[in-house]
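Engineer: A single structure is presented below for examination.
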Amino acid sequence: QVQLVESGGGLVQPGESLRLTCVASGIDFSISSAVWYRQAPGKERELVASITRSDYTVYANSVKGRFTISRDNAKNTAYLQMSSLKPEDTGVYSCNVNQGPRVTYWGQGTQVTVSS
């Protein structure tokens with residue numbers, strides 16, 4: 001059974017940082033891509049950052065230069081380091097781990113709130 005467990009969300013002030021963690025089990029993480037999505041209230045879910053098995057990364061324009069996605073295959077873990085957080089970064093952040101469109105799994109999500 002595949003399980004993804006996210007952690008690291010919380011309430012922070014603008015300009016502060018958070019690191020999200022996604023731990024995968026039951027899947028060969030080393031050959032998987034990991035993707036972080038977020039969904040703000042009343043908005044559609046959007047891709048924030050992704051990393052392939054070969055460490056190729058993609059970022060949404062809104063987070064470039066502020067967020068960094070990384071992975072540790074030995075720990076079956078993907079990270080999202082978020083810096084210089086803005087109120088518009090508020091939302092539920094979800095981790096997706098996949099080996100293509102037919103093999104895809106989701107975590108339960110973690111809330112990030114940026115507010116003064």
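Ordered as shown in the structure tokens, chains take letters A, B, and onward, while each chain numbers its residues from 1 and ligands are numbered from 1 in the order shown.
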Taking a cut-off of 9 Å and counting only C-alpha atoms, can you build a table that, for each residue of region 56-97 of chain A near region 9-13 of chain A, reports the nearest atom pair and how far apart they are in Å (one decimal), sorted by chain then residue number, as a Markdown table?
Structural biologist:
| residue | atom | partner | partner_atom | distance |
| --- | --- | --- | --- | --- |
| A:Leu85 | CA | A:Gln13 | CA | 7.6 |
| A:Lys86 | CA | A:Gln13 | CA | 8.0 |
| A:Pro87 | CA | A:Gln13 | CA | 8.2 |
| A:Val92 | CA | A:Gly9 | CA | 8.6 |
| A:Tyr93 | CA | A:Gly9 | CA | 8.1 |
Engineer: So that I can check the surroundings of Gly109 (chain A), please list as number ranges by chain every protein, DNA and RNA residue that reaches within 12 Å of it, counting only C-alpha atoms and ignoring chain neighbours fewer than 6 positions away.
Structural biologist: A: 4-10, 20-22, 36-39, 45, 91-96
Engineer: Write out the residues from the selection above, keeping C-alpha atoms, as a CSV table (one decimal), in the first residue's frame.
Structural biologist:
chain,number,residue,atom,x,y,z
A,4,LEU,CA,2.5,9.7,1.3
A,5,VAL,CA,2.7,11.7,4.5
A,6,GLU,CA,3.2,15.5,4.3
A,7,SER,CA,4.3,17.7,7.2
A,8,GLY,CA,5.8,21.1,7.9
A,9,GLY,CA,2.9,23.4,7.2
A,10,GLY,CA,1.8,26.1,9.6
A,20,LEU,CA,7.5,21.0,3.7
A,21,THR,CA,8.3,17.3,3.8
A,22,CYS,CA,6.7,14.4,1.9
A,36,TRP,CA,4.1,19.8,-5.0
A,37,TYR,CA,0.7,21.4,-5.7
A,38,ARG,CA,-1.3,23.9,-3.8
A,39,GLN,CA,-4.9,25.0,-3.7
A,45,ARG,CA,-5.2,23.5,-7.7
A,91,GLY,CA,-3.2,27.3,0.7
A,92,VAL,CA,-3.3,23.5,1.1
A,93,TYR,CA,0.0,22.0,-0.2
A,94,SER,CA,-0.3,18.5,-1.5
A,95,CYS,CA,2.5,16.1,-2.5
A,96,ASN,CA,2.1,13.9,-5.6
Engineer: Measuring between only C-alpha atoms, which one of A:Arg53, A:Gln1, A:Ala74, A:Ser62 shows the shortest distance to Gly26 (chain A)?
Structural biologist: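 Under the stated criterion, the closest residue is A:Gln1.
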Engineer: Take CA of Glu46 (chain A) and CA of Gln81 (chain A) and report the distance between them in Å, one decimal.
Structural biologist: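 Result for CA of Glu46 (chain A) versus CA of Gln81 (chain A): 17.1 Å, one decimal.
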Engineer: Applying 12 Å and only C-alpha atoms, which residues near Gly15 (chain A) remain after dropping the ones on its own chain fewer than 6 positions away? List them as a PyMOL selection string.
Structural biologist: chain A and resi 66+82-89+114-116
Engineer: If you keep all heavy atoms, can you produce a file of those selected residues as a PDB file, in the first residue's frame?
Structural biologist:
ATOM      1  N   ARG A  66      12.206  31.747  -4.917  1.00  0.00           N
ATOM      2  CA  ARG A  66      11.821  31.731  -3.498  1.00  0.00           C
ATOM      3  C   ARG A  66      11.669  30.302  -2.952  1.00  0.00           C
ATOM      4  O   ARG A  66      11.936  30.068  -1.775  1.00  0.00           O
ATOM      5  CB  ARG A  66      10.492  32.463  -3.297  1.00  0.00           C
ATOM      6  CG  ARG A  66      10.520  33.919  -3.714  1.00  0.00           C
ATOM      7  CD  ARG A  66       9.235  34.645  -3.306  1.00  0.00           C
ATOM      8  NE  ARG A  66       8.049  34.089  -3.954  1.00  0.00           N
ATOM      9  CZ  ARG A  66       7.008  33.586  -3.290  1.00  0.00           C
ATOM     10  NH1 ARG A  66       7.000  33.567  -1.971  1.00  0.00           N
ATOM     11  NH2 ARG A  66       5.951  33.122  -3.951  1.00  0.00           N
ATOM     12  N   MET A  82      10.473  26.750   1.322  1.00  0.00           N
ATOM     13  CA  MET A  82       9.763  27.962   0.920  1.00  0.00           C
ATOM     14  C   MET A  82      10.319  29.149   1.703  1.00  0.00           C
ATOM     15  O   MET A  82      10.307  29.129   2.946  1.00  0.00           O
ATOM     16  CB  MET A  82       8.267  27.808   1.188  1.00  0.00           C
ATOM     17  CG  MET A  82       7.661  26.568   0.537  1.00  0.00           C
ATOM     18  SD  MET A  82       5.875  26.461   0.734  1.00  0.00           S
ATOM     19  CE  MET A  82       5.743  26.236   2.491  1.00  0.00           C
ATOM     20  N   SER A  83      10.792  30.138   0.993  1.00  0.00           N
ATOM     21  CA  SER A  83      11.359  31.330   1.618  1.00  0.00           C
ATOM     22  C   SER A  83      10.622  32.562   1.129  1.00  0.00           C
ATOM     23  O   SER A  83       9.919  32.520   0.118  1.00  0.00           O
ATOM     24  CB  SER A  83      12.851  31.433   1.275  1.00  0.00           C
ATOM     25  OG  SER A  83      13.558  30.283   1.689  1.00  0.00           O
ATOM     26  N   SER A  84      10.816  33.646   1.847  1.00  0.00           N
ATOM     27  CA  SER A  84      10.174  34.921   1.489  1.00  0.00           C
ATOM     28  C   SER A  84       8.687  34.724   1.209  1.00  0.00           C
ATOM     29  O   SER A  84       8.162  35.185   0.193  1.00  0.00           O
ATOM     30  CB  SER A  84      10.866  35.537   0.268  1.00  0.00           C
ATOM     31  OG  SER A  84      12.239  35.751   0.523  1.00  0.00           O
ATOM     32  N   LEU A  85       8.034  34.042   2.107  1.00  0.00           N
ATOM     33  CA  LEU A  85       6.626  33.705   1.900  1.00  0.00           C
ATOM     34  C   LEU A  85       5.752  34.941   1.836  1.00  0.00           C
ATOM     35  O   LEU A  85       6.005  35.941   2.533  1.00  0.00           O
ATOM     36  CB  LEU A  85       6.147  32.760   2.990  1.00  0.00           C
ATOM     37  CG  LEU A  85       6.601  31.301   2.787  1.00  0.00           C
ATOM     38  CD1 LEU A  85       6.502  30.523   4.094  1.00  0.00           C
ATOM     39  CD2 LEU A  85       5.781  30.634   1.702  1.00  0.00           C
ATOM     40  N   LYS A  86       4.728  34.869   1.001  1.00  0.00           N
ATOM     41  CA  LYS A  86       3.789  35.956   0.792  1.00  0.00           C
ATOM     42  C   LYS A  86       2.386  35.474   1.153  1.00  0.00           C
ATOM     43  O   LYS A  86       2.105  34.270   1.108  1.00  0.00           O
ATOM     44  CB  LYS A  86       3.810  36.387  -0.672  1.00  0.00           C
ATOM     45  CG  LYS A  86       5.176  36.788  -1.191  1.00  0.00           C
ATOM     46  CD  LYS A  86       5.112  37.096  -2.688  1.00  0.00           C
ATOM     47  CE  LYS A  86       6.475  37.472  -3.233  1.00  0.00           C
ATOM     48  NZ  LYS A  86       6.425  37.770  -4.692  1.00  0.00           N
ATOM     49  N   PRO A  87       1.495  36.381   1.457  1.00  0.00           N
ATOM     50  CA  PRO A  87       0.105  35.971   1.749  1.00  0.00           C
ATOM     51  C   PRO A  87      -0.513  35.147   0.617  1.00  0.00           C
ATOM     52  O   PRO A  87      -1.295  34.235   0.882  1.00  0.00           O
ATOM     53  CB  PRO A  87      -0.613  37.308   1.941  1.00  0.00           C
ATOM     54  CG  PRO A  87       0.449  38.216   2.459  1.00  0.00           C
ATOM     55  CD  PRO A  87       1.693  37.816   1.723  1.00  0.00           C
ATOM     56  N   GLU A  88      -0.148  35.454  -0.601  1.00  0.00           N
ATOM     57  CA  GLU A  88      -0.700  34.706  -1.733  1.00  0.00           C
ATOM     58  C   GLU A  88      -0.163  33.283  -1.843  1.00  0.00           C
ATOM     59  O   GLU A  88      -0.620  32.506  -2.688  1.00  0.00           O
ATOM     60  CB  GLU A  88      -0.467  35.451  -3.055  1.00  0.00           C
ATOM     61  CG  GLU A  88       0.957  35.879  -3.297  1.00  0.00           C
ATOM     62  CD  GLU A  88       1.196  37.332  -2.890  1.00  0.00           C
ATOM     63  OE1 GLU A  88       0.711  37.741  -1.812  1.00  0.00           O
ATOM     64  OE2 GLU A  88       1.891  38.034  -3.657  1.00  0.00           O
ATOM     65  N   ASP A  89       0.793  32.924  -1.004  1.00  0.00           N
ATOM     66  CA  ASP A  89       1.265  31.535  -0.951  1.00  0.00           C
ATOM     67  C   ASP A  89       0.372  30.669  -0.057  1.00  0.00           C
ATOM     68  O   ASP A  89       0.571  29.454   0.022  1.00  0.00           O
ATOM     69  CB  ASP A  89       2.697  31.470  -0.420  1.00  0.00           C
ATOM     70  CG  ASP A  89       3.707  32.124  -1.351  1.00  0.00           C
ATOM     71  OD1 ASP A  89       3.584  31.922  -2.575  1.00  0.00           O
ATOM     72  OD2 ASP A  89       4.605  32.819  -0.850  1.00  0.00           O
ATOM     73  N   VAL A 114       0.010  32.230   5.398  1.00  0.00           N
ATOM     74  CA  VAL A 114       0.951  33.343   5.515  1.00  0.00           C
ATOM     75  C   VAL A 114       0.143  34.592   5.817  1.00  0.00           C
ATOM     76  O   VAL A 114      -0.617  35.080   4.967  1.00  0.00           O
ATOM     77  CB  VAL A 114       1.775  33.528   4.235  1.00  0.00           C
ATOM     78  CG1 VAL A 114       2.822  34.631   4.437  1.00  0.00           C
ATOM     79  CG2 VAL A 114       2.437  32.223   3.822  1.00  0.00           C
ATOM     80  N   SER A 115       0.307  35.094   7.005  1.00  0.00           N
ATOM     81  CA  SER A 115      -0.515  36.225   7.435  1.00  0.00           C
ATOM     82  C   SER A 115       0.189  36.981   8.547  1.00  0.00           C
ATOM     83  O   SER A 115       0.878  36.393   9.381  1.00  0.00           O
ATOM     84  CB  SER A 115      -1.876  35.730   7.916  1.00  0.00           C
ATOM     85  OG  SER A 115      -2.642  36.805   8.443  1.00  0.00           O
ATOM     86  N   SER A 116      -0.012  38.279   8.531  1.00  0.00           N
ATOM     87  CA  SER A 116       0.540  39.100   9.602  1.00  0.00           C
ATOM     88  C   SER A 116      -0.494  39.294  10.718  1.00  0.00           C
ATOM     89  O   SER A 116      -0.213  39.941  11.716  1.00  0.00           O
ATOM     90  CB  SER A 116       1.006  40.447   9.063  1.00  0.00           C
ATOM     91  OG  SER A 116      -0.057  41.100   8.391  1.00  0.00           O
TER      92      SER A 116
END
Engineer: What lies within 10 Å of Ala24 (chain A) using only C-alpha atoms, ignoring chain neighbours under 3 positions off, as a ChimeraX atom specification?
Structural biologist: /A:2-6,21,27-29,34,73,75-78,95-97,105-107
Engineer: Once you have the residues from the selection above, write them out as a short mmCIF file (atom, residue, chain, number, x, y, z; two decimals), in the first residue's frame, restricted to N, CA, C and O atoms.
Structural biologist:
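Generated file (out_12.cif):
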data_model
loop_
_atom_site.label_atom_id
_atom_site.label_comp_id
_atom_site.auth_asym_id
_atom_site.auth_seq_id
_atom_site.Cartn_x
_atom_site.Cartn_y
_atom_site.Cartn_z
N VAL A 2 0.61 2.13 -0.95
CA VAL A 2 1.40 3.36 -1.05
C VAL A 2 0.83 4.41 -0.11
O VAL A 2 -0.38 4.60 -0.01
N GLN A 3 1.72 5.07 0.58
CA GLN A 3 1.30 6.13 1.50
C GLN A 3 2.25 7.30 1.37
O GLN A 3 3.47 7.13 1.31
N LEU A 4 1.68 8.50 1.31
CA LEU A 4 2.45 9.73 1.31
C LEU A 4 2.04 10.54 2.53
O LEU A 4 0.84 10.77 2.73
N VAL A 5 3.00 10.98 3.30
CA VAL A 5 2.71 11.75 4.50
C VAL A 5 3.44 13.08 4.42
O VAL A 5 4.67 13.12 4.37
N GLU A 6 2.65 14.14 4.39
CA GLU A 6 3.21 15.49 4.35
C GLU A 6 3.27 16.08 5.74
O GLU A 6 2.42 15.78 6.59
N THR A 21 7.69 18.60 3.99
CA THR A 21 8.28 17.28 3.80
C THR A 21 7.21 16.30 3.35
O THR A 21 6.09 16.32 3.85
N ILE A 27 6.35 2.50 -2.41
CA ILE A 27 6.64 2.80 -3.82
C ILE A 27 8.14 2.99 -3.97
O ILE A 27 8.80 3.43 -3.01
N ASP A 28 8.66 2.64 -5.15
CA ASP A 28 10.07 2.87 -5.41
C ASP A 28 10.27 4.34 -5.70
O ASP A 28 10.12 4.81 -6.83
N PHE A 29 10.60 5.08 -4.66
CA PHE A 29 10.67 6.54 -4.77
C PHE A 29 11.77 6.97 -5.73
O PHE A 29 11.64 8.00 -6.39
N ALA A 34 8.35 13.64 -8.10
CA ALA A 34 7.61 14.21 -6.98
C ALA A 34 7.18 15.62 -7.36
O ALA A 34 7.95 16.38 -7.96
N ASN A 73 16.48 10.28 -1.95
CA ASN A 73 15.99 8.94 -2.26
C ASN A 73 16.27 7.94 -1.13
O ASN A 73 15.50 6.99 -0.95
N LYS A 75 15.91 8.44 1.87
CA LYS A 75 14.87 8.62 2.88
C LYS A 75 13.46 8.59 2.28
O LYS A 75 12.48 8.86 2.99
N ASN A 76 13.37 8.32 0.98
CA ASN A 76 12.07 8.30 0.30
C ASN A 76 11.30 9.60 0.55
O ASN A 76 10.08 9.58 0.78
N THR A 77 12.01 10.70 0.48
CA THR A 77 11.43 11.97 0.90
C THR A 77 11.66 13.07 -0.14
O THR A 77 12.74 13.17 -0.72
N ALA A 78 10.61 13.86 -0.33
CA ALA A 78 10.70 15.08 -1.12
C ALA A 78 10.49 16.27 -0.20
O ALA A 78 9.72 16.19 0.76
N CYS A 95 1.35 16.76 -1.84
CA CYS A 95 2.46 16.08 -2.50
C CYS A 95 1.90 15.00 -3.43
O CYS A 95 0.97 14.28 -3.06
N ASN A 96 2.46 14.93 -4.60
CA ASN A 96 2.13 13.88 -5.56
C ASN A 96 3.41 13.15 -5.93
O ASN A 96 4.42 13.79 -6.23
N VAL A 97 3.36 11.85 -5.90
CA VAL A 97 4.49 11.03 -6.34
C VAL A 97 3.98 10.13 -7.45
O VAL A 97 2.94 9.48 -7.31
N TYR A 105 0.09 8.95 -6.94
CA TYR A 105 -0.42 8.90 -5.58
C TYR A 105 -0.35 10.28 -4.95
O TYR A 105 0.51 11.10 -5.30
N TRP A 106 -1.28 10.51 -4.02
CA TRP A 106 -1.41 11.83 -3.38
C TRP A 106 -1.34 11.70 -1.87
O TRP A 106 -1.83 10.73 -1.29
N GLY A 107 -0.76 12.73 -1.27
CA GLY A 107 -0.81 12.85 0.17
C GLY A 107 -2.09 13.55 0.59
O GLY A 107 -2.90 13.96 -0.23
#
Engineer: Determine the nearest neighbour of Ser32 (chain A) from the options A:Ile51, A:Ile69, A:Leu18, A:Val58, counting only C-alpha atoms.
Structural biologist: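 Among the listed residues, A:Ile51 lies closest to Ser32 (chain A).
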Engineer: With distances taken over only C-alpha atoms, which residue among A:Thr68, A:Thr113, A:Thr104, A:Asn98 lies nearest Arg19 (chain A)?
Structural biologist: A:Thr68
Engineer: Rank nothing, just name the residue among A:Val23, A:Ile31, A:Val103, A:Ala49 nearest to Lys64 (chain A), using only C-alpha atoms.
Structural biologist: A:Ala49
Engineer: Please indicate the distance in Å from CA of Phe67 (chain A) to CA of Val48 (chain A), rounded to one decimal place.
Structural biologist: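 Interatomic distance here is 8.7 Å.
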Engineer: Please identify the strand (DSSP E) residues within region 52-106 of chain A (assignment by DSSP from backbone atoms) and present them as a list in words.
Structural biologist: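 Of region 52-106 of chain A, only Thr57, Val58, Tyr59, Phe67, Thr68, Ile69, Ser70, Arg71, Asp72, Thr77, Ala78, Tyr79, Leu80, Gln81, Met82, Gly91, Val92, Tyr93, Ser94, Cys95, Asn96, Val97, Asn98, Thr104, Tyr105 and Trp106 of chain A fall in strand (DSSP E).
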Engineer: Could you take the residues named above and write them with N, CA, C and O atoms, as a CSV table (one decimal), in the first residue's frame?
Structural biologist:
chain,number,residue,atom,x,y,z
A,57,THR,N,14.1,20.0,-12.4
A,57,THR,CA,13.1,20.7,-11.6
A,57,THR,C,12.4,21.7,-12.5
A,57,THR,O,12.9,22.3,-13.4
A,58,VAL,N,11.1,21.9,-12.1
A,58,VAL,CA,10.3,22.9,-12.7
A,58,VAL,C,9.5,23.7,-11.6
A,58,VAL,O,9.1,23.1,-10.6
A,59,TYR,N,9.4,25.0,-11.8
A,59,TYR,CA,8.8,25.8,-10.8
A,59,TYR,C,7.7,26.7,-11.5
A,59,TYR,O,7.8,27.1,-12.6
A,67,PHE,N,11.2,29.4,-3.8
A,67,PHE,CA,11.0,28.0,-3.4
A,67,PHE,C,12.1,27.1,-4.0
A,67,PHE,O,12.5,27.3,-5.1
A,68,THR,N,12.4,26.0,-3.3
A,68,THR,CA,13.3,25.0,-3.8
A,68,THR,C,12.8,23.6,-3.5
A,68,THR,O,12.5,23.3,-2.4
A,69,ILE,N,12.7,22.8,-4.6
A,69,ILE,CA,12.2,21.4,-4.4
A,69,ILE,C,13.5,20.6,-4.4
A,69,ILE,O,14.4,20.8,-5.2
A,70,SER,N,13.5,19.6,-3.6
A,70,SER,CA,14.6,18.6,-3.5
A,70,SER,C,14.1,17.3,-3.1
A,70,SER,O,13.0,17.1,-2.7
A,71,ARG,N,15.0,16.3,-3.2
A,71,ARG,CA,14.6,14.9,-2.8
A,71,ARG,C,15.8,14.2,-2.2
A,71,ARG,O,17.0,14.5,-2.5
A,72,ASP,N,15.5,13.2,-1.4
A,72,ASP,CA,16.5,12.4,-0.8
A,72,ASP,C,16.0,10.9,-0.9
A,72,ASP,O,15.1,10.5,-0.2
A,77,THR,N,12.0,10.7,0.5
A,77,THR,CA,11.4,12.0,0.9
A,77,THR,C,11.7,13.1,-0.1
A,77,THR,O,12.7,13.2,-0.7
A,78,ALA,N,10.6,13.9,-0.3
A,78,ALA,CA,10.7,15.1,-1.1
A,78,ALA,C,10.5,16.3,-0.2
A,78,ALA,O,9.7,16.2,0.8
A,79,TYR,N,11.2,17.4,-0.5
A,79,TYR,CA,11.1,18.6,0.3
A,79,TYR,C,10.7,19.8,-0.6
A,79,TYR,O,10.9,19.8,-1.8
A,80,LEU,N,10.1,20.7,0.1
A,80,LEU,CA,9.8,22.0,-0.6
A,80,LEU,C,10.2,23.1,0.4
A,80,LEU,O,9.5,23.3,1.5
A,81,GLN,N,11.4,23.7,0.2
A,81,GLN,CA,11.8,24.8,1.0
A,81,GLN,C,11.2,26.1,0.5
A,81,GLN,O,11.4,26.4,-0.7
A,82,MET,N,10.5,26.7,1.3
A,82,MET,CA,9.8,28.0,0.9
A,82,MET,C,10.3,29.1,1.7
A,82,MET,O,10.3,29.1,2.9
A,91,GLY,N,-2.4,28.3,1.3
A,91,GLY,CA,-3.2,27.3,0.7
A,91,GLY,C,-2.9,25.9,1.3
A,91,GLY,O,-2.0,25.8,2.2
A,92,VAL,N,-3.6,24.9,0.8
A,92,VAL,CA,-3.3,23.5,1.1
A,92,VAL,C,-2.2,23.0,0.1
A,92,VAL,O,-2.5,23.0,-1.1
A,93,TYR,N,-1.1,22.6,0.6
A,93,TYR,CA,0.0,22.0,-0.2
A,93,TYR,C,-0.1,20.5,-0.2
A,93,TYR,O,-0.1,19.9,0.9
A,94,SER,N,-0.1,19.9,-1.3
A,94,SER,CA,-0.3,18.5,-1.5
A,94,SER,C,0.9,17.9,-2.3
A,94,SER,O,1.4,18.5,-3.2
A,95,CYS,N,1.3,16.8,-1.8
A,95,CYS,CA,2.5,16.1,-2.5
A,95,CYS,C,1.9,15.0,-3.4
A,95,CYS,O,1.0,14.3,-3.1
A,96,ASN,N,2.5,14.9,-4.6
A,96,ASN,CA,2.1,13.9,-5.6
A,96,ASN,C,3.4,13.1,-5.9
A,96,ASN,O,4.4,13.8,-6.2
A,97,VAL,N,3.4,11.8,-5.9
A,97,VAL,CA,4.5,11.0,-6.3
A,97,VAL,C,4.0,10.1,-7.5
A,97,VAL,O,2.9,9.5,-7.3
A,98,ASN,N,4.7,10.1,-8.6
A,98,ASN,CA,4.2,9.4,-9.7
A,98,ASN,C,5.3,8.7,-10.5
A,98,ASN,O,6.4,9.2,-10.5
A,104,THR,N,0.1,7.1,-9.9
A,104,THR,CA,0.2,8.4,-9.3
A,104,THR,C,-0.5,8.3,-7.9
A,104,THR,O,-1.6,7.7,-7.8
A,105,TYR,N,0.1,8.9,-6.9
A,105,TYR,CA,-0.4,8.9,-5.6
A,105,TYR,C,-0.4,10.3,-5.0
A,105,TYR,O,0.5,11.1,-5.3
A,106,TRP,N,-1.3,10.5,-4.0
A,106,TRP,CA,-1.4,11.8,-3.4
A,106,TRP,C,-1.3,11.7,-1.9
A,106,TRP,O,-1.8,10.7,-1.3
